[in-house]
file run.pdb (PDB, C-alpha atoms)
ATOM      1  CA  MET A 105      -2.876  12.794   1.227
ATOM      2  CA  ALA A 106      -5.237  15.034  -0.735
ATOM      3  CA  ALA A 107      -4.019  18.040   1.285
ATOM      4  CA  GLY A 108      -0.419  17.154   0.472
ATOM      5  CA  LEU A 109      -1.214  16.920  -3.225
ATOM      6  CA  ALA A 110      -2.976  20.270  -3.128
ATOM      7  CA  ALA A 111       0.097  21.850  -1.518
ATOM      8  CA  LEU A 112       2.435  20.737  -4.310
ATOM      9  CA  PRO A 113       3.504  23.576  -6.579
ATOM     10  CA  ALA A 114       2.630  23.269 -10.270
ATOM     11  CA  SER A 115       6.356  22.946 -10.973
ATOM     12  CA  ALA A 116       6.646  19.777  -8.838
ATOM     13  CA  PRO A 117       7.778  16.605 -10.625
ATOM     14  CA  PRO A 118       5.074  14.500 -12.302
ATOM     15  CA  VAL A 119       5.865  11.442 -10.150
ATOM     16  CA  VAL A 120       4.485  11.274  -6.582
ATOM     17  CA  LEU A 121       5.487   8.688  -3.986
ATOM     18  CA  VAL A 122       3.136   8.083  -1.059
ATOM     19  CA  HIS A 123       4.825   6.522   1.945
ATOM     20  CA  ASP A 124       3.466   5.200   5.235
ATOM     21  CA  ALA A 125       5.607   6.427   8.142
ATOM     22  CA  ALA A 126       4.935   3.085   9.867
ATOM     23  CA  ARG A 127       7.260   1.540   7.258
ATOM     24  CA  ALA A 128      10.288   3.383   8.590
ATOM     25  CA  LEU A 129      12.845   0.823   7.410
ATOM     26  CA  ALA A 130      11.909   0.842   3.722
ATOM     27  CA  PRO A 131      15.300   0.799   1.977
ATOM     28  CA  VAL A 132      16.295   3.345  -0.648
ATOM     29  CA  PRO A 133      16.466   0.751  -3.485
ATOM     30  CA  LEU A 134      12.744   0.062  -2.904
ATOM     31  CA  LEU A 135      11.908   3.749  -3.339
ATOM     32  CA  VAL A 136      14.053   3.884  -6.467
ATOM     33  CA  ARG A 137      12.388   0.754  -7.910
ATOM     34  CA  VAL A 138       8.921   2.295  -7.484
ATOM     35  CA  ALA A 139       9.904   5.729  -8.816
ATOM     36  CA  GLN A 140      11.649   4.248 -11.848
ATOM     37  CA  ALA A 141       8.636   2.117 -12.717
ATOM     38  CA  VAL A 142       6.368   5.188 -12.689
ATOM     39  CA  ALA A 143       8.917   7.243 -14.640
ATOM     40  CA  GLY A 144       9.103   4.321 -17.078
ATOM     41  CA  GLY A 145       5.471   4.740 -18.051
ATOM     42  CA  HIS A 146       3.246   3.089 -15.443
ATOM     43  CA  ASP A 147       0.470   5.227 -13.937
ATOM     44  CA  ALA A 148       0.462   3.463 -10.565
ATOM     45  CA  VAL A 149       3.099   1.236  -8.969
ATOM     46  CA  VAL A 150       3.010  -0.602  -5.653
ATOM     47  CA  PRO A 151       5.690  -2.780  -4.054
ATOM     48  CA  ALA A 152       4.409  -6.151  -2.906
ATOM     49  CA  LEU A 153       5.562  -9.426  -1.430
ATOM     50  CA  PRO A 154       4.049 -12.881  -1.926
ATOM     51  CA  VAL A 155       1.809 -13.981   0.944
ATOM     52  CA  THR A 156       3.402 -16.922   2.704
ATOM     53  CA  ASP A 157       0.781 -17.603   5.372
ATOM     54  CA  THR A 158      -2.234 -19.785   4.735
ATOM     55  CA  VAL A 159      -5.232 -17.452   4.462
ATOM     56  CA  VAL A 160      -8.864 -18.440   4.964
ATOM     57  CA  ARG A 161     -12.055 -16.651   4.038
ATOM     58  CA  VAL A 162     -14.484 -16.499   6.967
ATOM     59  CA  LEU A 163     -18.233 -16.738   7.291
ATOM     60  CA  PRO A 164     -20.108 -13.970   9.087
ATOM     61  CA  ALA A 165     -20.547 -14.800  12.763
ATOM     62  CA  SER A 166     -23.521 -13.905  14.919
ATOM     63  CA  ASP A 167     -23.045 -12.543  18.417
ATOM     64  CA  GLY A 168     -21.454 -15.117  20.682
ATOM     65  CA  GLU A 169     -20.806 -17.586  17.873
ATOM     66  CA  PRO A 170     -17.291 -18.563  16.809
ATOM     67  CA  VAL A 171     -15.926 -17.410  13.469
ATOM     68  CA  ARG A 172     -15.927 -20.260  10.958
ATOM     69  CA  SER A 173     -13.772 -20.886   7.912
ATOM     70  CA  ALA A 174     -15.369 -20.712   4.476
ATOM     71  CA  GLY A 175     -12.293 -22.231   2.878
ATOM     72  CA  THR A 176      -8.660 -21.580   2.113
ATOM     73  CA  VAL A 177      -7.710 -18.839  -0.335
ATOM     74  CA  ASP A 178      -5.147 -19.735  -3.005
ATOM     75  CA  ARG A 179      -2.162 -17.695  -1.859
ATOM     76  CA  ARG A 180      -0.501 -17.873  -5.285
ATOM     77  CA  SER A 181      -2.840 -15.058  -6.303
ATOM     78  CA  LEU A 182      -2.212 -12.941  -3.189
ATOM     79  CA  ARG A 183       0.361 -10.241  -2.437
ATOM     80  CA  ALA A 184       0.934  -8.100   0.629
ATOM     81  CA  VAL A 185       1.331  -4.522  -0.555
ATOM     82  CA  GLN A 186       3.720  -2.003   0.921
ATOM     83  CA  THR A 187       4.735   1.601   0.513
ATOM     84  CA  PRO A 188       6.003   3.742  -1.016
ATOM     85  CA  GLN A 189       3.301   3.635  -3.639
ATOM     86  CA  GLY A 190       4.121   5.606  -6.767
ATOM     87  CA  PHE A 191       1.819   7.466  -9.135
ATOM     88  CA  ARG A 192       1.724   9.863 -11.998
ATOM     89  CA  ARG A 193       0.661  13.023 -10.213
ATOM     90  CA  ASP A 194      -2.305  13.746 -12.474
ATOM     91  CA  VAL A 195      -3.664  10.217 -11.996
ATOM     92  CA  LEU A 196      -3.403  10.468  -8.203
ATOM     93  CA  GLU A 197      -5.080  13.885  -8.205
ATOM     94  CA  ARG A 198      -7.981  12.499 -10.274
ATOM     95  CA  ALA A 199      -8.297   9.525  -7.921
ATOM     96  CA  HIS A 200      -8.452  11.735  -4.841
ATOM     97  CA  ALA A 201     -11.005  14.022  -6.447
ATOM     98  CA  ALA A 202     -13.163  11.024  -7.367
ATOM     99  CA  GLY A 203     -12.907   9.512  -3.881
ATOM    100  CA  ALA A 204     -13.427  12.712  -1.912
ATOM    101  CA  GLY A 205     -17.108  11.983  -1.283
ATOM    102  CA  VAL A 206     -16.406   8.775   0.649
ATOM    103  CA  ALA A 207     -13.122   9.744   2.335
ATOM    104  CA  GLY A 208     -14.708  10.884   5.605
ATOM    105  CA  ASP A 209     -16.322   7.532   6.431
ATOM    106  CA  GLU A 210     -13.993   4.734   7.565
ATOM    107  CA  ALA A 211     -16.442   2.133   6.210
ATOM    108  CA  THR A 212     -16.281   3.494   2.652
ATOM    109  CA  ALA A 213     -12.877   5.202   2.479
ATOM    110  CA  ALA A 214     -10.130   3.577   0.423
ATOM    111  CA  SER A 215      -7.522   1.728   2.471
ATOM    112  CA  ASP A 216      -4.675   3.229   0.454
ATOM    113  CA  ASP A 217      -3.958   5.451  -2.524
ATOM    114  CA  ALA A 218      -3.587   2.509  -4.907
ATOM    115  CA  SER A 219      -7.175   1.498  -4.089
ATOM    116  CA  LEU A 220      -8.369   4.981  -5.057
ATOM    117  CA  VAL A 221      -6.486   4.794  -8.348
ATOM    118  CA  ALA A 222      -7.738   1.267  -9.080
ATOM    119  CA  ALA A 223     -11.308   2.487  -8.514
ATOM    120  CA  LEU A 224     -10.780   4.770 -11.532
ATOM    121  CA  GLY A 225     -10.043   1.689 -13.636
ATOM    122  CA  VAL A 226      -6.324   2.454 -13.811
ATOM    123  CA  ASP A 227      -3.976  -0.544 -13.771
ATOM    124  CA  VAL A 228      -1.838  -0.800 -10.649
ATOM    125  CA  VAL A 229       1.474  -2.494 -11.430
ATOM    126  CA  LEU A 230       3.303  -4.460  -8.729
ATOM    127  CA  VAL A 231       7.063  -4.418  -8.287
ATOM    128  CA  GLU A 232       9.149  -6.500  -5.919
ATOM    129  CA  GLY A 233       8.721  -5.382  -2.335
ATOM    130  CA  ASP A 234      11.228  -5.693   0.481
ATOM    131  CA  ALA A 235      10.836  -7.507   3.808
ATOM    132  CA  ARG A 236      12.624  -4.620   5.540
ATOM    133  CA  ALA A 237       9.647  -2.387   4.673
ATOM    134  CA  LEU A 238       7.541  -4.100   7.315
ATOM    135  CA  LYS A 239       4.746  -2.086   8.876
ATOM    136  CA  ILE A 240       5.600  -1.261  12.488
ATOM    137  CA  THR A 241       2.270  -1.187  14.341
ATOM    138  CA  THR A 242       2.635  -3.657  17.210
ATOM    139  CA  SER A 243       5.226  -4.316  19.903
ATOM    140  CA  HIS A 244       6.215  -7.473  17.992
ATOM    141  CA  ASP A 245       6.782  -5.431  14.822
ATOM    142  CA  LEU A 246       8.910  -3.004  16.825
ATOM    143  CA  ALA A 247      11.017  -5.876  18.175
ATOM    144  CA  VAL A 248      11.542  -7.241  14.658
ATOM    145  CA  ALA A 249      12.502  -3.765  13.440
ATOM    146  CA  GLY A 250      15.017  -3.518  16.290
ATOM    147  CA  LEU A 251      16.567  -6.810  15.224
ATOM    148  CA  LEU A 252      16.769  -5.608  11.629
ATOM    149  CA  LEU A 253      18.503  -2.422  12.757
ATOM    150  CA  GLU A 254      20.971  -4.455  14.843
ATOM    151  CA  GLU A 255      21.735  -6.471  11.704
ATOM    152  CA  GLY A 256      22.407  -3.266   9.800
ATOM    153  CA  ALA A 257      19.248  -3.192   7.681
TER     154      ALA A 257
END
call {"tool": "encode", "arguments": {"input": "run.pdb", "output": "structure tokens"}}
result
Amino acid sequence: MAAGLAALPASAPPVVLVHDAARALAPVPLLVRVAQAVAGGHDAVVPALPVTDTVVRVLPASDGEPVRSAGTVDRRSLRAVQTPQGFRRDVLERAHAAGAGVAGDEATAASDDASLVAALGVDVVLVEGDARALKITTSHDLAVAGLLLEEGA
């Protein structure tokens, strides 16, 4: 993403949307919702959906030992984030500059652009996501996407 930002001409709009190609079915109204929220004054905007699964925190496991639950996480405070993520361009450029030193190591690199921005102390605002913006990474995801396309999503 940093290379893409660097390639933008100075005359480019001040709002940047970062989209994951694995979310190929993200509908246009979702993109508009994110872009409008940034244009409306928010520095960073991410679409998100409430988590509906029960989620547990796990204890570290030693070799050969089963993973054990450390308790259930309150899902009312959880959201599954999606893309496109929207940013004021200058904020995203600062975030990438600040995170450049850890970007090359998978263990320390940010998992997404919103994480980089949040690390600067910038508020990341959530807007309503869309189930059609599912991430297509497994054969099951691909099958679900096919069904959505058959339904006219």
call {"tool": "atom_distance", "arguments": {"input": "run.pdb", "atom1": "atom CA of Ala148 of chain A", "atom2": "atom CA of Val229 of chain A"}}
result
6.1 Å
call {"tool": "closest_residue", "arguments": {"input": "run.pdb", "among": "A:Val195, A:Ala174, A:Val155, A:Val120", "to": "Gln140 of chain A", "atoms": "all atoms listed in the file"}}
result
A:Val120
call {"tool": "residues_around", "arguments": {"input": "run.pdb", "residues": "segment 232-247 of chain A", "least_positions_apart": "2", "cutoff": "9 Å", "atoms": "only C-alpha atoms", "output": "VMD selection string"}}
result
chain A and resid 124 to 131 134 137 to 138 150 to 154 184 to 187 230 249 to 252 257
call {"tool": "atom_distance", "arguments": {"input": "run.pdb", "atom1": "atom CA of Val221 of chain A", "atom2": "atom CA of Ser181 of chain A"}}
result
20.3 Å
call {"tool": "atom_distance", "arguments": {"input": "run.pdb", "atom1": "atom CA of Ala116 of chain A", "atom2": "atom CA of Ala223 of chain A"}}
result
24.9 Å
call {"tool": "resolve_selection", "arguments": {"input": "run.pdb", "expression": "the PyMOL selection byres ((chain A and resi 159) around 9)", "output": "PyMOL selection string"}}
result
chain A and resi 155-158+160-161+175-179
call {"tool": "write_last_selection", "arguments": {"input": "run.pdb", "atoms": "C-alpha atoms", "output": "compact mmCIF listing (two decimals), keeping the file's coordinate frame"}}
result
# COMPACT_ATOMS: atom_id res chain seq x y z
CA VAL A 155 1.81 -13.98 0.94
CA THR A 156 3.40 -16.92 2.70
CA ASP A 157 0.78 -17.60 5.37
CA THR A 158 -2.23 -19.78 4.74
CA VAL A 160 -8.86 -18.44 4.96
CA ARG A 161 -12.06 -16.65 4.04
CA GLY A 175 -12.29 -22.23 2.88
CA THR A 176 -8.66 -21.58 2.11
CA VAL A 177 -7.71 -18.84 -0.34
CA ASP A 178 -5.15 -19.74 -3.00
CA ARG A 179 -2.16 -17.70 -1.86
call {"tool": "decode", "arguments": {"input": "run.pdb", "residues": "segment 134-247 of chain A", "atoms": "C-alpha atoms", "output": "mmCIF file, in the first residue's frame"}}
result
data_model
loop_
_atom_site.group_PDB
_atom_site.id
_atom_site.type_symbol
_atom_site.label_atom_id
_atom_site.label_comp_id
_atom_site.auth_asym_id
_atom_site.auth_seq_id
_atom_site.Cartn_x
_atom_site.Cartn_y
_atom_site.Cartn_z
ATOM 1 C CA LEU A 134 -20.547 0.195 0.970
ATOM 2 C CA LEU A 135 -17.781 2.087 -0.834
ATOM 3 C CA VAL A 136 -19.930 5.215 -0.883
ATOM 4 C CA ARG A 137 -20.721 4.896 2.850
ATOM 5 C CA VAL A 138 -17.005 4.724 3.712
ATOM 6 C CA ALA A 139 -15.976 7.549 1.367
ATOM 7 C CA GLN A 140 -18.750 9.828 2.611
ATOM 8 C CA ALA A 141 -17.789 9.255 6.233
ATOM 9 C CA VAL A 142 -14.181 10.271 5.510
ATOM 10 C CA ALA A 143 -15.309 13.252 3.420
ATOM 11 C CA GLY A 144 -17.605 14.158 6.322
ATOM 12 C CA GLY A 145 -14.665 14.715 8.637
ATOM 13 C CA HIS A 146 -13.441 11.372 9.980
ATOM 14 C CA ASP A 147 -9.729 10.597 9.563
ATOM 15 C CA ALA A 148 -10.186 6.827 9.323
ATOM 16 C CA VAL A 149 -13.305 4.788 8.562
ATOM 17 C CA VAL A 150 -13.750 1.024 8.445
ATOM 18 C CA PRO A 151 -16.874 -0.989 7.623
ATOM 19 C CA ALA A 152 -17.663 -3.663 10.182
ATOM 20 C CA LEU A 153 -20.254 -6.256 11.073
ATOM 21 C CA PRO A 154 -21.194 -7.539 14.528
ATOM 22 C CA VAL A 155 -19.586 -10.874 15.397
ATOM 23 C CA THR A 156 -22.277 -13.513 15.676
ATOM 24 C CA ASP A 157 -20.157 -16.537 16.576
ATOM 25 C CA THR A 158 -19.184 -17.339 20.134
ATOM 26 C CA VAL A 159 -15.490 -16.479 20.478
ATOM 27 C CA VAL A 160 -13.129 -17.851 23.116
ATOM 28 C CA ARG A 161 -9.717 -16.676 24.220
ATOM 29 C CA VAL A 162 -7.209 -19.539 24.331
ATOM 30 C CA LEU A 163 -4.344 -20.441 26.609
ATOM 31 C CA PRO A 164 -0.919 -21.074 25.100
ATOM 32 C CA ALA A 165 -0.430 -24.763 24.359
ATOM 33 C CA SER A 166 2.813 -26.687 24.625
ATOM 34 C CA ASP A 167 3.848 -29.131 21.927
ATOM 35 C CA GLY A 168 1.462 -32.058 21.744
ATOM 36 C CA GLU A 169 -0.994 -30.560 24.220
ATOM 37 C CA PRO A 170 -4.523 -29.567 23.220
ATOM 38 C CA VAL A 171 -5.492 -25.909 23.042
ATOM 39 C CA ARG A 172 -7.611 -24.931 26.039
ATOM 40 C CA SER A 173 -10.204 -22.209 26.464
ATOM 41 C CA ALA A 174 -9.436 -19.298 28.771
ATOM 42 C CA GLY A 175 -13.033 -18.129 28.629
ATOM 43 C CA THR A 176 -15.639 -16.670 26.330
ATOM 44 C CA VAL A 177 -15.188 -13.164 24.950
ATOM 45 C CA ASP A 178 -18.197 -10.839 25.151
ATOM 46 C CA ARG A 179 -19.141 -10.555 21.489
ATOM 47 C CA ARG A 180 -21.146 -7.366 22.070
ATOM 48 C CA SER A 181 -17.813 -5.542 22.008
ATOM 49 C CA LEU A 182 -16.517 -7.293 18.873
ATOM 50 C CA ARG A 183 -16.816 -6.425 15.180
ATOM 51 C CA ALA A 184 -15.471 -8.130 12.083
ATOM 52 C CA VAL A 185 -13.869 -5.453 9.930
ATOM 53 C CA GLN A 186 -14.005 -5.334 6.162
ATOM 54 C CA THR A 187 -12.741 -3.250 3.290
ATOM 55 C CA PRO A 188 -12.735 -0.780 1.733
ATOM 56 C CA GLN A 189 -11.124 1.136 4.548
ATOM 57 C CA GLY A 190 -11.143 4.891 4.056
ATOM 58 C CA PHE A 191 -8.638 7.498 5.192
ATOM 59 C CA ARG A 192 -7.638 11.081 4.850
ATOM 60 C CA ARG A 193 -4.623 10.740 2.592
ATOM 61 C CA ASP A 194 -2.250 12.663 4.852
ATOM 62 C CA VAL A 195 -3.187 10.504 7.850
ATOM 63 C CA LEU A 196 -2.589 7.282 5.907
ATOM 64 C CA GLU A 197 0.754 8.557 4.607
ATOM 65 C CA ARG A 198 1.860 9.392 8.170
ATOM 66 C CA ALA A 199 0.755 5.953 9.368
ATOM 67 C CA HIS A 200 2.716 4.167 6.655
ATOM 68 C CA ALA A 201 5.803 6.252 7.329
ATOM 69 C CA ALA A 202 5.569 5.460 11.046
ATOM 70 C CA GLY A 203 5.074 1.735 10.428
ATOM 71 C CA ALA A 204 7.717 1.320 7.738
ATOM 72 C CA GLY A 205 10.292 -0.058 10.177
ATOM 73 C CA VAL A 206 8.174 -3.087 11.100
ATOM 74 C CA ALA A 207 6.453 -3.714 7.751
ATOM 75 C CA GLY A 208 8.940 -6.332 6.541
ATOM 76 C CA ASP A 209 8.370 -8.756 9.425
ATOM 77 C CA GLU A 210 5.075 -10.677 9.432
ATOM 78 C CA ALA A 211 5.231 -10.948 13.240
ATOM 79 C CA THR A 212 5.295 -7.169 13.740
ATOM 80 C CA ALA A 213 3.597 -5.803 10.612
ATOM 81 C CA ALA A 214 0.117 -4.318 10.934
ATOM 82 C CA SER A 215 -2.677 -6.596 9.742
ATOM 83 C CA ASP A 216 -4.379 -3.759 7.875
ATOM 84 C CA ASP A 217 -4.142 -0.041 7.211
ATOM 85 C CA ALA A 218 -6.587 0.833 9.991
ATOM 86 C CA SER A 219 -4.218 -0.824 12.485
ATOM 87 C CA LEU A 220 -1.384 1.404 11.261
ATOM 88 C CA VAL A 221 -3.545 4.500 11.657
ATOM 89 C CA ALA A 222 -4.773 3.430 15.106
ATOM 90 C CA ALA A 223 -1.143 2.979 16.187
ATOM 91 C CA LEU A 224 -0.729 6.734 15.613
ATOM 92 C CA GLY A 225 -3.495 7.350 18.148
ATOM 93 C CA VAL A 226 -6.000 8.345 15.469
ATOM 94 C CA ASP A 227 -9.617 7.311 16.066
ATOM 95 C CA VAL A 228 -10.912 4.716 13.623
ATOM 96 C CA VAL A 229 -14.658 5.115 13.108
ATOM 97 C CA LEU A 230 -16.795 2.101 12.185
ATOM 98 C CA VAL A 231 -19.654 2.236 9.708
ATOM 99 C CA GLU A 232 -22.121 -0.498 8.851
ATOM 100 C CA GLY A 233 -20.503 -3.248 6.826
ATOM 101 C CA ASP A 234 -22.175 -5.545 4.328
ATOM 102 C CA ALA A 235 -22.367 -9.350 4.372
ATOM 103 C CA ARG A 236 -21.767 -9.377 0.608
ATOM 104 C CA ALA A 237 -18.251 -8.030 1.258
ATOM 105 C CA LEU A 238 -17.151 -11.415 2.557
ATOM 106 C CA LYS A 239 -13.488 -12.295 2.211
ATOM 107 C CA ILE A 240 -13.050 -15.024 -0.399
ATOM 108 C CA THR A 241 -10.065 -17.089 0.764
ATOM 109 C CA THR A 242 -11.319 -20.672 0.991
ATOM 110 C CA SER A 243 -13.284 -23.002 -1.270
ATOM 111 C CA HIS A 244 -16.261 -22.557 1.084
ATOM 112 C CA ASP A 245 -16.046 -18.768 0.714
ATOM 113 C CA LEU A 246 -15.939 -19.193 -3.060
ATOM 114 C CA ALA A 247 -19.064 -21.367 -2.962
#
